[in-house]
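query.txt follows; it contains compact mmCIF, C-alpha atoms.
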# COMPACT_ATOMS: atom_id res chain seq x y z
CA MET Y 1 -25.66 -24.06 -17.57
CA ILE Y 2 -25.82 -20.28 -17.96
CA ARG Y 3 -24.77 -19.26 -21.48
CA ASP Y 4 -24.75 -15.48 -21.10
CA PRO Y 5 -21.17 -14.51 -20.07
CA LEU Y 6 -22.42 -11.44 -18.20
CA LEU Y 7 -24.87 -13.44 -16.13
CA ARG Y 8 -22.22 -16.10 -15.54
CA ALA Y 9 -19.74 -13.45 -14.39
CA TRP Y 10 -22.33 -11.92 -12.04
CA GLY Y 11 -23.16 -15.35 -10.57
CA ALA Y 12 -19.47 -16.15 -10.11
CA LEU Y 13 -18.86 -12.79 -8.38
CA ILE Y 14 -21.77 -13.34 -5.98
CA GLY Y 15 -20.62 -16.92 -5.26
CA LEU Y 16 -16.99 -15.92 -4.70
CA SER Y 17 -18.00 -12.99 -2.45
CA LEU Y 18 -20.25 -15.18 -0.32
CA GLY Y 19 -17.54 -17.86 -0.23
CA ALA Y 20 -14.90 -15.38 0.96
CA THR Y 21 -17.28 -14.03 3.63
CA ALA Y 22 -18.12 -17.55 4.83
CA ILE Y 23 -14.41 -18.45 5.05
CA SER Y 24 -13.76 -15.32 7.08
CA LEU Y 25 -16.71 -15.82 9.48
CA TRP Y 26 -15.66 -19.39 10.25
CA HIS Y 27 -13.54 -19.71 13.40
CA TRP Y 28 -10.44 -21.45 12.09
CA PRO Y 29 -7.82 -22.99 14.38
CA ARG Y 30 -4.80 -20.67 14.79
CA GLU Y 31 -2.58 -22.96 12.64
CA VAL Y 32 -4.76 -22.72 9.55
CA GLU Y 33 -5.85 -19.06 9.90
CA ALA Y 34 -3.09 -17.95 7.51
CA GLY Y 35 -4.32 -20.49 4.96
CA ALA Y 36 -7.83 -19.03 5.21
CA GLY Y 37 -6.38 -15.55 4.62
CA MET Y 38 -4.51 -16.89 1.59
CA LEU Y 39 -7.78 -18.29 0.24
CA VAL Y 40 -9.62 -15.00 0.81
CA LEU Y 41 -6.94 -13.08 -1.13
CA SER Y 42 -6.97 -15.67 -3.94
CA LEU Y 43 -10.75 -15.22 -4.24
CA ALA Y 44 -10.29 -11.43 -4.36
CA TRP Y 45 -7.82 -11.87 -7.24
CA LEU Y 46 -10.31 -14.11 -9.06
CA LYS Y 47 -13.11 -11.57 -8.60
CA ALA Y 48 -10.90 -8.75 -9.91
CA ARG Y 49 -10.07 -10.88 -12.97
CA ILE Y 50 -13.74 -11.54 -13.67
CA ILE Y 51 -14.56 -7.81 -13.51
CA LEU Y 52 -11.66 -6.97 -15.83
CA THR Y 53 -12.43 -9.76 -18.28
CA THR Y 54 -16.20 -9.57 -18.53
CA TYR Y 55 -17.47 -6.25 -17.14
CA LEU Y 56 -14.56 -4.25 -18.60
CA ARG Y 57 -14.40 -6.45 -21.69
CA LEU Y 58 -10.71 -7.34 -21.59
CA ASP Y 59 -11.69 -10.76 -22.96
CA ALA Y 60 -11.30 -9.08 -26.36
CA ALA Y 61 -7.77 -7.87 -25.51
CA PRO Y 62 -5.69 -10.89 -24.39
CA PHE Y 63 -2.46 -8.87 -24.04
CA TRP Y 64 -4.05 -6.47 -21.54
CA ARG Y 65 -6.04 -9.20 -19.82
CA ARG Y 66 -2.79 -11.09 -19.15
CA GLY Y 67 -0.98 -7.92 -18.09
CA PHE Y 68 -3.67 -6.94 -15.60
CA ALA Y 69 -3.96 -10.52 -14.29
CA ILE Y 70 -0.20 -10.72 -13.67
CA SER Y 71 0.02 -7.24 -12.11
CA LEU Y 72 -2.94 -7.90 -9.81
CA GLY Y 73 -1.50 -11.32 -8.96
CA VAL Y 74 1.82 -9.75 -7.96
CA PHE Y 75 -0.04 -7.11 -5.92
CA CYS Y 76 -2.08 -9.80 -4.13
CA LEU Y 77 1.16 -11.65 -3.36
CA LEU Y 78 2.54 -8.43 -1.84
CA LEU Y 79 -0.62 -8.13 0.28
CA LEU Y 80 -0.28 -11.77 1.27
CA GLY Y 81 3.34 -11.25 2.31
CA LEU Y 82 2.35 -8.24 4.44
CA TYR Y 83 -0.55 -10.18 5.94
CA LEU Y 84 1.72 -13.09 6.90
CA LEU Y 85 4.52 -10.81 8.17
CA PRO Y 86 3.43 -10.70 11.85
CA GLY Y 87 3.71 -14.50 12.05
CA LEU Y 88 7.25 -14.35 10.71
CA LEU Y 89 8.52 -11.60 13.02
CA MET H 1 3.94 0.18 -42.13
CA SER H 2 1.06 -0.28 -39.73
CA ASP H 3 0.06 2.31 -37.14
CA ALA H 4 -1.60 -0.36 -35.00
CA SER H 5 -0.60 -0.30 -31.36
CA VAL H 6 -1.45 -2.54 -28.41
CA PHE H 7 -3.31 0.44 -26.98
CA ASP H 8 -5.82 0.10 -29.81
CA ASP H 9 -6.84 -3.28 -28.34
CA LEU H 10 -8.12 -1.68 -25.14
CA PRO H 11 -11.91 -1.45 -25.10
CA GLY H 12 -13.11 2.15 -24.80
CA ASP H 13 -11.07 5.32 -24.39
CA LEU H 14 -7.42 5.10 -23.41
CA MET H 15 -7.94 7.87 -20.82
CA ILE H 16 -10.50 5.87 -18.85
CA TRP H 17 -7.88 3.10 -18.57
CA VAL H 18 -5.31 5.64 -17.38
CA LEU H 19 -7.84 6.65 -14.72
CA ILE H 20 -8.53 3.01 -13.77
CA VAL H 21 -4.82 2.22 -13.38
CA SER H 22 -4.23 5.45 -11.38
CA GLU H 23 -7.07 4.66 -8.99
CA LEU H 24 -5.88 1.07 -8.56
CA LEU H 25 -2.40 2.37 -7.70
CA VAL H 26 -3.76 4.85 -5.13
CA PHE H 27 -6.02 2.32 -3.40
CA GLY H 28 -3.33 -0.36 -3.75
CA ALA H 29 -0.80 1.85 -1.95
CA GLY H 30 -3.36 2.53 0.80
CA LEU H 31 -4.10 -1.17 1.29
CA ALA H 32 -0.40 -2.11 1.31
CA ALA H 33 0.26 0.64 3.91
CA PHE H 34 -2.67 -0.66 5.99
CA LEU H 35 -1.26 -4.21 6.08
CA ALA H 36 2.28 -2.92 6.73
CA VAL H 37 1.08 -0.95 9.79
CA ARG H 38 -1.03 -3.94 10.87
CA ALA H 39 2.17 -6.02 11.05
CA SER H 40 3.29 -3.93 14.04
CA ASP H 41 0.05 -4.55 16.00
CA PRO H 42 -1.90 -7.55 14.63
CA ALA H 43 -3.82 -8.10 17.90
CA GLY H 44 -4.96 -4.47 18.09
CA PHE H 45 -5.96 -4.50 14.43
CA GLY H 46 -7.86 -7.79 14.92
CA ALA H 47 -9.78 -6.39 17.92
CA ALA H 48 -10.63 -3.22 15.99
CA GLN H 49 -11.73 -5.27 12.97
CA ASP H 50 -14.24 -7.13 15.15
CA ALA H 51 -16.15 -3.83 15.53
CA LEU H 52 -16.83 -3.76 11.78
CA TYR H 53 -20.23 -4.48 10.31
CA ARG H 54 -19.19 -7.49 8.20
CA THR H 55 -22.69 -8.53 7.14
CA GLY H 56 -23.45 -5.02 5.87
CA ALA H 57 -20.20 -4.99 3.90
CA GLY H 58 -21.02 -8.45 2.47
CA VAL H 59 -24.46 -7.21 1.38
CA ASN H 60 -22.78 -4.13 -0.11
CA THR H 61 -20.52 -6.40 -2.17
CA VAL H 62 -23.58 -8.13 -3.63
CA VAL H 63 -25.19 -4.73 -4.27
CA LEU H 64 -22.12 -3.35 -6.05
CA VAL H 65 -21.37 -6.37 -8.27
CA THR H 66 -25.07 -6.48 -9.23
CA SER H 67 -24.96 -2.79 -10.06
CA GLY H 68 -21.83 -3.41 -12.16
CA ALA H 69 -23.62 -6.18 -14.06
CA LEU H 70 -26.51 -3.77 -14.79
CA ALA H 71 -24.08 -1.14 -16.11
CA ALA H 72 -22.39 -3.73 -18.35
CA TRP H 73 -25.81 -4.91 -19.50
CA ALA H 74 -26.83 -1.30 -20.28
CA LEU H 75 -23.90 -0.94 -22.67
CA ARG H 76 -24.84 -4.13 -24.45
CA LEU H 77 -28.46 -2.98 -24.77
CA ARG H 78 -27.41 0.41 -26.13
CA GLU H 79 -25.14 -1.23 -28.69
CA ASP H 80 -28.21 -3.22 -29.77
CA ALA H 81 -30.00 0.14 -30.19
CA GLN H 82 -32.33 -0.53 -27.24
CA ARG H 83 -32.14 2.95 -25.74
CA GLY H 84 -35.03 2.72 -23.27
CA PRO H 85 -33.99 -0.53 -21.58
CA ALA H 86 -30.35 0.67 -21.54
CA ARG H 87 -31.38 3.86 -19.72
CA LEU H 88 -33.45 1.86 -17.25
CA ALA H 89 -30.51 -0.45 -16.54
CA LEU H 90 -28.26 2.58 -15.92
CA VAL H 91 -30.77 4.18 -13.54
CA ALA H 92 -31.16 0.84 -11.71
CA ALA H 93 -27.35 0.60 -11.45
CA ALA H 94 -27.26 4.15 -10.02
CA LEU H 95 -30.02 3.31 -7.51
CA LEU H 96 -28.03 0.32 -6.30
CA GLY H 97 -25.12 2.73 -5.86
CA VAL H 98 -27.38 4.79 -3.59
CA VAL H 99 -28.30 1.60 -1.66
CA PHE H 100 -24.55 0.96 -1.19
CA LEU H 101 -24.14 4.48 0.22
CA LEU H 102 -27.12 4.09 2.57
CA ILE H 103 -25.72 0.85 4.01
CA LYS H 104 -22.32 2.54 4.36
CA GLY H 105 -24.04 5.48 6.05
CA PHE H 106 -25.69 3.14 8.59
CA ASP H 107 -22.28 1.58 9.18
CA TYR H 108 -20.65 4.98 9.82
CA ALA H 109 -23.57 6.06 12.04
CA GLY H 110 -23.20 2.87 14.10
CA LYS H 111 -19.49 3.54 14.56
CA ALA H 112 -20.16 7.15 15.57
CA ALA H 113 -22.81 6.01 18.10
CA ALA H 114 -20.28 3.56 19.58
CA GLY H 115 -17.78 6.41 19.94
CA ILE H 116 -15.48 5.02 17.25
CA THR H 117 -13.76 7.76 15.28
CA TRP H 118 -10.84 7.92 12.87
CA ASP H 119 -8.35 8.37 15.74
CA THR H 120 -9.70 5.58 18.01
CA HIS H 121 -7.06 3.22 16.60
CA PRO H 122 -4.78 3.29 13.50
CA PHE H 123 -7.06 0.57 12.06
CA PHE H 124 -9.94 3.08 11.96
CA THR H 125 -7.75 5.81 10.46
CA PHE H 126 -7.18 3.51 7.45
CA TYR H 127 -10.76 2.25 7.57
CA TYR H 128 -12.30 5.73 7.30
CA LEU H 129 -9.68 6.95 4.81
CA LEU H 130 -10.05 3.98 2.41
CA THR H 131 -13.80 3.38 2.69
CA GLY H 132 -14.53 7.14 2.74
CA PHE H 133 -12.44 7.70 -0.40
CA HIS H 134 -14.17 4.74 -2.02
CA ALA H 135 -17.61 6.07 -1.01
CA ALA H 136 -16.69 9.41 -2.63
CA HIS H 137 -16.04 7.46 -5.84
CA VAL H 138 -19.43 5.75 -5.47
CA VAL H 139 -21.09 9.20 -5.23
CA ALA H 140 -19.21 10.31 -8.37
CA GLY H 141 -20.08 7.02 -10.09
CA VAL H 142 -23.81 7.42 -9.36
CA LEU H 143 -23.73 10.90 -10.90
CA VAL H 144 -21.76 9.60 -13.91
CA LEU H 145 -24.27 6.76 -14.45
CA LEU H 146 -27.18 9.22 -14.36
CA LEU H 147 -25.32 11.58 -16.70
CA VAL H 148 -24.70 8.85 -19.30
CA ALA H 149 -28.32 7.65 -18.93
CA TRP H 150 -29.24 11.15 -20.07
CA LYS H 151 -26.50 11.65 -22.71
CA ASP H 152 -26.76 8.05 -23.84
CA THR H 153 -24.38 7.61 -26.78
CA PRO H 154 -22.70 4.16 -26.75
CA ARG H 155 -19.33 5.89 -26.25
CA ASN H 156 -20.58 7.82 -23.20
CA ILE H 157 -22.16 4.71 -21.69
CA GLU H 158 -18.96 2.72 -22.24
CA ALA H 159 -16.89 5.36 -20.42
CA GLY H 160 -19.44 5.76 -17.60
CA ALA H 161 -19.78 2.00 -17.12
CA ALA H 162 -15.97 1.61 -17.11
CA PHE H 163 -15.73 4.19 -14.30
CA TRP H 164 -18.37 2.25 -12.37
CA HIS H 165 -16.54 -1.06 -12.91
CA MET H 166 -13.38 0.56 -11.54
CA VAL H 167 -15.32 1.43 -8.34
CA ASP H 168 -16.47 -2.20 -8.26
CA LEU H 169 -12.94 -3.50 -8.88
CA VAL H 170 -11.50 -1.44 -6.01
CA TRP H 171 -14.23 -2.70 -3.64
CA VAL H 172 -13.66 -6.41 -4.37
CA ILE H 173 -10.05 -5.97 -3.20
CA LEU H 174 -10.69 -3.45 -0.42
CA PHE H 175 -13.52 -5.50 1.14
CA PRO H 176 -11.52 -8.67 1.89
CA VAL H 177 -8.42 -6.81 3.07
CA LEU H 178 -10.26 -4.51 5.51
CA TYR H 179 -13.12 -6.76 6.58
CA LEU H 180 -12.17 -10.40 6.03
CA LEU H 181 -8.43 -10.94 6.63
CA ARG H 182 -8.19 -11.83 10.31
If you took the structure in this file and wrote it as C-alpha cells, what would it be?
Amino acid sequence: MIRDPLLRAWGALIGLSLGATAISLWHWPREVEAGAGMLVLSLAWLKARIILTTYLRLDAAPFWRRGFAISLGVFCLLLLGLYLLPGLL
Amino acid sequence: MSDASVFDDLPGDLMIWVLIVSELLVFGAGLAAFLAVRASDPAGFGAAQDALYRTGAGVNTVVLVTSGALAAWALRLREDAQRGPARLALVAAALLGVVFLLIKGFDYAGKAAAGITWDTHPFFTFYYLLTGFHAAHVVAGVLVLLLVAWKDTPRNIEAGAAFWHMVDLVWVILFPVLYLLR
C-alpha cells in the first residue's frame, strides 16, 4: 500500500489513463460503444478530480474541492450529452 | 467580526485560480463546440480520428502527469527547505514538458507528411486549434517551471506548479475527448 498521497495520485493517474486508452482501443460492438464512451468520460472526470485534490492541494479546501468536482461533473455530463447526440438524432 | 472568506481557503494566490478557471472555460468551450459539430457528421469525425497518433498521445499523458507529480513534489521539497532537490525536480518537470512537445512535434510532422492540414476536415480544424493552443501553454509552462527553479521562493514555486497542473488538467480532459471517444 502506497502511503504517500502524491505517489498514490500519480499511480492512479497513470492507471486511469492507461485504462481509458485500453477501453478506447478495444473494438466494442456498436450497441455498447456509447457505454465505453461514458466510461472514458467518467475516467477523465476522476483524473481531473485527482489533479485538483492532490496536485493542486484542494484536499485542504473541501468547499472548493466540492465546487470544482460538481462543476467538472456537470461539464462532463454536457460532453456526454453531445457525444451521445448523433445516436439520438 | 471576522474577515475570513472562502477565498482564503484556496491554496496559493487567488489570481492563479482565476487563471485556472478562465483556461478551463476556454478549453471547455472549445471541446463542447467540437462535440457539437461532431454531432452533424459522426462518421466523418470517426474516420478523421483514426488518423490520430493515439499511442503517442497516450505516452504524452503519462509524460505530463509524471511531470505534474514532479512539480508538486518540488513544492513539497522547497517547503521542507530542500532547495537543491526542489530545483532538480522542477528542471526534470520542465524536461518532461519538452519531451511532450517533441512527441507532439512528431505527431504534427506525421500529419503534415500525410497531407493532413487544419482544413482537411472540421475534425482537424478543432484538433490543431485545441492541441496547438494547449502546446502553447506547455511551452509557457516549461518557461515558468525554469523561471521558478531559478527564483525559487515557495510562493513562486507554488504559483508555477499550479500553472503546470492547469496544463495537466486541461490535457486529461482534452485527450479523451479528441483521441478516445469514438
As a list in words, please: the residues near Phe133 (chain H) (cut-off 12 Å, all atoms listed in the file, same-chain neighbours under 6 positions excluded).
Glu23, Val26, Phe27, Gly30, Thr125, Phe126, Tyr127, Val139, Ala140, Val167, Val170, Trp171 and Leu174 of chain H
Go ahead and save the residues from that selection, with C-alpha atoms, as an mmCIF file, in the coordinates of the input.
data_model
loop_
_atom_site.group_PDB
_atom_site.id
_atom_site.type_symbol
_atom_site.label_atom_id
_atom_site.label_comp_id
_atom_site.auth_asym_id
_atom_site.auth_seq_id
_atom_site.Cartn_x
_atom_site.Cartn_y
_atom_site.Cartn_z
ATOM 1 C CA GLU H 23 -7.070 4.660 -8.990
ATOM 2 C CA VAL H 26 -3.760 4.850 -5.130
ATOM 3 C CA PHE H 27 -6.020 2.320 -3.400
ATOM 4 C CA GLY H 30 -3.360 2.530 0.800
ATOM 5 C CA THR H 125 -7.750 5.810 10.460
ATOM 6 C CA PHE H 126 -7.180 3.510 7.450
ATOM 7 C CA TYR H 127 -10.760 2.250 7.570
ATOM 8 C CA VAL H 139 -21.090 9.200 -5.230
ATOM 9 C CA ALA H 140 -19.210 10.310 -8.370
ATOM 10 C CA VAL H 167 -15.320 1.430 -8.340
ATOM 11 C CA VAL H 170 -11.500 -1.440 -6.010
ATOM 12 C CA TRP H 171 -14.230 -2.700 -3.640
ATOM 13 C CA LEU H 174 -10.690 -3.450 -0.420
#
Atomic separation - CA of Val172 (chain H) relative to CA of Val40 (chain Y), Å:
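Distance between the two atoms: 10.8 Å.
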Ala48 (chain H) surroundings by all atoms listed in the file, 8 Å radius, close-in-sequence under 6 positions cut, as a ChimeraX atom specification
/H:121,123-124
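All residues of protein, DNA or RNA that reach within 9 Å of Thr21 (chain Y), judged by all atoms listed in the file and not counting those fewer than 3 positions away in the chain, are Y:Leu16, Y:Ser17, Y:Leu18, Y:Ser24, Y:Leu25, Y:Trp26, Y:Val40, H:Arg54, H:Thr55, H:Gly58, H:Pro176, H:Tyr179, H:Leu180.
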For region 73-83 of chain H: contacts at 8 Å, only C-alpha atoms, fewer than 5 positions along chain excluded, given as number ranges by chain:
Y: 6; H: 88-90, 152-154, 157-158, 161
For region 9-20 of chain H, work out the shell of residues within 7 Å, counting only C-alpha atoms and skipping chain neighbours fewer than 6 positions away, then give it as a ChimeraX atom specification.
/Y:57-58,61 /H:158-159,166
Report as number ranges by chain the set of chain H residues whose atoms approach chain Y to within 8 Å, with distances computed over all atoms listed in the file.
H: 6, 9-11, 28, 31-32, 35-36, 38-40, 42, 58, 61-62, 65-66, 68-69, 72-73, 162, 165, 168-169, 172-173, 176-177, 180-182
Can you write just those residues out, C-alpha atoms, as a PDB file, keeping the file's coordinate frame?
ATOM      1  CA  VAL H   6      -1.450  -2.540 -28.410  1.00  0.00           C
ATOM      2  CA  ASP H   9      -6.840  -3.280 -28.340  1.00  0.00           C
ATOM      3  CA  LEU H  10      -8.120  -1.680 -25.140  1.00  0.00           C
ATOM      4  CA  PRO H  11     -11.910  -1.450 -25.100  1.00  0.00           C
ATOM      5  CA  GLY H  28      -3.330  -0.360  -3.750  1.00  0.00           C
ATOM      6  CA  LEU H  31      -4.100  -1.170   1.290  1.00  0.00           C
ATOM      7  CA  ALA H  32      -0.400  -2.110   1.310  1.00  0.00           C
ATOM      8  CA  LEU H  35      -1.260  -4.210   6.080  1.00  0.00           C
ATOM      9  CA  ALA H  36       2.280  -2.920   6.730  1.00  0.00           C
ATOM     10  CA  ARG H  38      -1.030  -3.940  10.870  1.00  0.00           C
ATOM     11  CA  ALA H  39       2.170  -6.020  11.050  1.00  0.00           C
ATOM     12  CA  SER H  40       3.290  -3.930  14.040  1.00  0.00           C
ATOM     13  CA  PRO H  42      -1.900  -7.550  14.630  1.00  0.00           C
ATOM     14  CA  GLY H  58     -21.020  -8.450   2.470  1.00  0.00           C
ATOM     15  CA  THR H  61     -20.520  -6.400  -2.170  1.00  0.00           C
ATOM     16  CA  VAL H  62     -23.580  -8.130  -3.630  1.00  0.00           C
ATOM     17  CA  VAL H  65     -21.370  -6.370  -8.270  1.00  0.00           C
ATOM     18  CA  THR H  66     -25.070  -6.480  -9.230  1.00  0.00           C
ATOM     19  CA  GLY H  68     -21.830  -3.410 -12.160  1.00  0.00           C
ATOM     20  CA  ALA H  69     -23.620  -6.180 -14.060  1.00  0.00           C
ATOM     21  CA  ALA H  72     -22.390  -3.730 -18.350  1.00  0.00           C
ATOM     22  CA  TRP H  73     -25.810  -4.910 -19.500  1.00  0.00           C
ATOM     23  CA  ALA H 162     -15.970   1.610 -17.110  1.00  0.00           C
ATOM     24  CA  HIS H 165     -16.540  -1.060 -12.910  1.00  0.00           C
ATOM     25  CA  ASP H 168     -16.470  -2.200  -8.260  1.00  0.00           C
ATOM     26  CA  LEU H 169     -12.940  -3.500  -8.880  1.00  0.00           C
ATOM     27  CA  VAL H 172     -13.660  -6.410  -4.370  1.00  0.00           C
ATOM     28  CA  ILE H 173     -10.050  -5.970  -3.200  1.00  0.00           C
ATOM     29  CA  PRO H 176     -11.520  -8.670   1.890  1.00  0.00           C
ATOM     30  CA  VAL H 177      -8.420  -6.810   3.070  1.00  0.00           C
ATOM     31  CA  LEU H 180     -12.170 -10.400   6.030  1.00  0.00           C
ATOM     32  CA  LEU H 181      -8.430 -10.940   6.630  1.00  0.00           C
ATOM     33  CA  ARG H 182      -8.190 -11.830  10.310  1.00  0.00           C
TER      34      ARG H 182
END
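Here CA of Leu77 (chain Y) is placed at a distance of 15.1 Å from CA of Leu25 (chain H).
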Please report the interatomic distance between CA of Ala94 (chain H) and CA of Phe163 (chain H) in Å with one decimal.
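One can read the CA of Ala94 (chain H) to CA of Phe163 (chain H) distance as 12.3 Å.
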Among listed residues H:Ala86, H:Val63, H:Leu129, H:Val98, nearest Lys151 (chain H) (using all atoms listed in the file):
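Among H:Ala86, H:Val63, H:Leu129, H:Val98, it is H:Ala86 that comes nearest to Lys151 (chain H).
Restricting the calculation to only C-alpha atoms, the smallest distance between Ser42 (chain Y) and any of Y:Arg3, Y:Gly67, Y:His27, Y:Gly73 is found for Y:Gly73.
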Supply region 39-69 of chain Y as a PDB file, keeping the file's coordinate frame, with N, CA and C atoms built in where the input has gaps.
ATOM      1  N   LEU Y  39      -6.610 -17.947   1.067  1.00  0.00           N
ATOM      2  CA  LEU Y  39      -7.780 -18.290   0.240  1.00  0.00           C
ATOM      3  C   LEU Y  39      -8.624 -17.047  -0.053  1.00  0.00           C
ATOM      4  N   VAL Y  40      -8.820 -16.225   0.972  1.00  0.00           N
ATOM      5  CA  VAL Y  40      -9.620 -15.000   0.810  1.00  0.00           C
ATOM      6  C   VAL Y  40      -8.970 -14.073  -0.227  1.00  0.00           C
ATOM      7  N   LEU Y  41      -7.637 -13.941  -0.160  1.00  0.00           N
ATOM      8  CA  LEU Y  41      -6.940 -13.080  -1.130  1.00  0.00           C
ATOM      9  C   LEU Y  41      -6.976 -13.682  -2.531  1.00  0.00           C
ATOM     10  N   SER Y  42      -6.896 -15.011  -2.610  1.00  0.00           N
ATOM     11  CA  SER Y  42      -6.970 -15.670  -3.940  1.00  0.00           C
ATOM     12  C   SER Y  42      -8.351 -15.414  -4.557  1.00  0.00           C
ATOM     13  N   LEU Y  43      -9.402 -15.478  -3.737  1.00  0.00           N
ATOM     14  CA  LEU Y  43     -10.750 -15.220  -4.240  1.00  0.00           C
ATOM     15  C   LEU Y  43     -10.899 -13.770  -4.692  1.00  0.00           C
ATOM     16  N   ALA Y  44     -10.238 -12.850  -3.967  1.00  0.00           N
ATOM     17  CA  ALA Y  44     -10.290 -11.430  -4.360  1.00  0.00           C
ATOM     18  C   ALA Y  44      -9.641 -11.255  -5.737  1.00  0.00           C
ATOM     19  N   TRP Y  45      -8.527 -11.937  -5.944  1.00  0.00           N
ATOM     20  CA  TRP Y  45      -7.820 -11.870  -7.240  1.00  0.00           C
ATOM     21  C   TRP Y  45      -8.731 -12.419  -8.353  1.00  0.00           C
ATOM     22  N   LEU Y  46      -9.397 -13.519  -8.070  1.00  0.00           N
ATOM     23  CA  LEU Y  46     -10.310 -14.110  -9.060  1.00  0.00           C
ATOM     24  C   LEU Y  46     -11.449 -13.146  -9.412  1.00  0.00           C
ATOM     25  N   LYS Y  47     -12.005 -12.505  -8.371  1.00  0.00           N
ATOM     26  CA  LYS Y  47     -13.110 -11.570  -8.600  1.00  0.00           C
ATOM     27  C   LYS Y  47     -12.642 -10.385  -9.449  1.00  0.00           C
ATOM     28  N   ALA Y  48     -11.444  -9.877  -9.132  1.00  0.00           N
ATOM     29  CA  ALA Y  48     -10.900  -8.750  -9.910  1.00  0.00           C
ATOM     30  C   ALA Y  48     -10.720  -9.168 -11.375  1.00  0.00           C
ATOM     31  N   ARG Y  49     -10.264 -10.386 -11.593  1.00  0.00           N
ATOM     32  CA  ARG Y  49     -10.070 -10.880 -12.970  1.00  0.00           C
ATOM     33  C   ARG Y  49     -11.399 -10.974 -13.716  1.00  0.00           C
ATOM     34  N   ILE Y  50     -12.426 -11.424 -13.021  1.00  0.00           N
ATOM     35  CA  ILE Y  50     -13.740 -11.540 -13.670  1.00  0.00           C
ATOM     36  C   ILE Y  50     -14.255 -10.153 -14.081  1.00  0.00           C
ATOM     37  N   ILE Y  51     -14.095  -9.172 -13.193  1.00  0.00           N
ATOM     38  CA  ILE Y  51     -14.560  -7.810 -13.510  1.00  0.00           C
ATOM     39  C   ILE Y  51     -13.798  -7.261 -14.714  1.00  0.00           C
ATOM     40  N   LEU Y  52     -12.480  -7.466 -14.708  1.00  0.00           N
ATOM     41  CA  LEU Y  52     -11.660  -6.970 -15.830  1.00  0.00           C
ATOM     42  C   LEU Y  52     -12.018  -7.678 -17.135  1.00  0.00           C
ATOM     43  N   THR Y  53     -12.199  -8.985 -17.055  1.00  0.00           N
ATOM     44  CA  THR Y  53     -12.430  -9.760 -18.280  1.00  0.00           C
ATOM     45  C   THR Y  53     -13.814  -9.551 -18.861  1.00  0.00           C
ATOM     46  N   THR Y  54     -14.833  -9.600 -18.000  1.00  0.00           N
ATOM     47  CA  THR Y  54     -16.200  -9.570 -18.530  1.00  0.00           C
ATOM     48  C   THR Y  54     -16.829  -8.177 -18.456  1.00  0.00           C
ATOM     49  N   TYR Y  55     -16.845  -7.574 -17.267  1.00  0.00           N
ATOM     50  CA  TYR Y  55     -17.470  -6.250 -17.140  1.00  0.00           C
ATOM     51  C   TYR Y  55     -16.698  -5.214 -17.974  1.00  0.00           C
ATOM     52  N   LEU Y  56     -15.371  -5.236 -17.871  1.00  0.00           N
ATOM     53  CA  LEU Y  56     -14.560  -4.250 -18.600  1.00  0.00           C
ATOM     54  C   LEU Y  56     -14.095  -4.746 -19.970  1.00  0.00           C
ATOM     55  N   ARG Y  57     -14.558  -5.897 -20.339  1.00  0.00           N
ATOM     56  CA  ARG Y  57     -14.400  -6.450 -21.690  1.00  0.00           C
ATOM     57  C   ARG Y  57     -12.956  -6.701 -22.141  1.00  0.00           C
ATOM     58  N   LEU Y  58     -12.094  -7.032 -21.199  1.00  0.00           N
ATOM     59  CA  LEU Y  58     -10.710  -7.340 -21.590  1.00  0.00           C
ATOM     60  C   LEU Y  58     -10.609  -8.724 -22.241  1.00  0.00           C
ATOM     61  N   ASP Y  59     -11.723  -9.463 -22.263  1.00  0.00           N
ATOM     62  CA  ASP Y  59     -11.690 -10.760 -22.960  1.00  0.00           C
ATOM     63  C   ASP Y  59     -11.357 -10.569 -24.444  1.00  0.00           C
ATOM     64  N   ALA Y  60     -11.605  -9.357 -24.956  1.00  0.00           N
ATOM     65  CA  ALA Y  60     -11.300  -9.080 -26.360  1.00  0.00           C
ATOM     66  C   ALA Y  60      -9.876  -8.555 -26.541  1.00  0.00           C
ATOM     67  N   ALA Y  61      -9.133  -8.393 -25.443  1.00  0.00           N
ATOM     68  CA  ALA Y  61      -7.770  -7.870 -25.510  1.00  0.00           C
ATOM     69  C   ALA Y  61      -6.849  -8.748 -24.664  1.00  0.00           C
ATOM     70  N   PRO Y  62      -6.444  -9.913 -25.198  1.00  0.00           N
ATOM     71  CA  PRO Y  62      -5.690 -10.890 -24.390  1.00  0.00           C
ATOM     72  C   PRO Y  62      -4.393 -10.329 -23.790  1.00  0.00           C
ATOM     73  N   PHE Y  63      -3.721  -9.448 -24.543  1.00  0.00           N
ATOM     74  CA  PHE Y  63      -2.460  -8.870 -24.040  1.00  0.00           C
ATOM     75  C   PHE Y  63      -2.710  -8.123 -22.730  1.00  0.00           C
ATOM     76  N   TRP Y  64      -3.738  -7.278 -22.722  1.00  0.00           N
ATOM     77  CA  TRP Y  64      -4.050  -6.470 -21.540  1.00  0.00           C
ATOM     78  C   TRP Y  64      -4.640  -7.318 -20.431  1.00  0.00           C
ATOM     79  N   ARG Y  65      -5.435  -8.309 -20.832  1.00  0.00           N
ATOM     80  CA  ARG Y  65      -6.040  -9.200 -19.820  1.00  0.00           C
ATOM     81  C   ARG Y  65      -4.934  -9.909 -19.038  1.00  0.00           C
ATOM     82  N   ARG Y  66      -3.927 -10.406 -19.787  1.00  0.00           N
ATOM     83  CA  ARG Y  66      -2.790 -11.090 -19.150  1.00  0.00           C
ATOM     84  C   ARG Y  66      -1.995 -10.124 -18.282  1.00  0.00           C
ATOM     85  N   GLY Y  67      -1.760  -8.930 -18.828  1.00  0.00           N
ATOM     86  CA  GLY Y  67      -0.980  -7.920 -18.090  1.00  0.00           C
ATOM     87  C   GLY Y  67      -1.643  -7.543 -16.778  1.00  0.00           C
ATOM     88  N   PHE Y  68      -2.949  -7.298 -16.823  1.00  0.00           N
ATOM     89  CA  PHE Y  68      -3.670  -6.940 -15.600  1.00  0.00           C
ATOM     90  C   PHE Y  68      -3.697  -8.116 -14.626  1.00  0.00           C
ATOM     91  N   ALA Y  69      -3.894  -9.339 -15.158  1.00  0.00           N
ATOM     92  CA  ALA Y  69      -3.960 -10.520 -14.290  1.00  0.00           C
ATOM     93  C   ALA Y  69      -2.627 -10.705 -13.557  1.00  0.00           C
TER      94      ALA Y  69
END
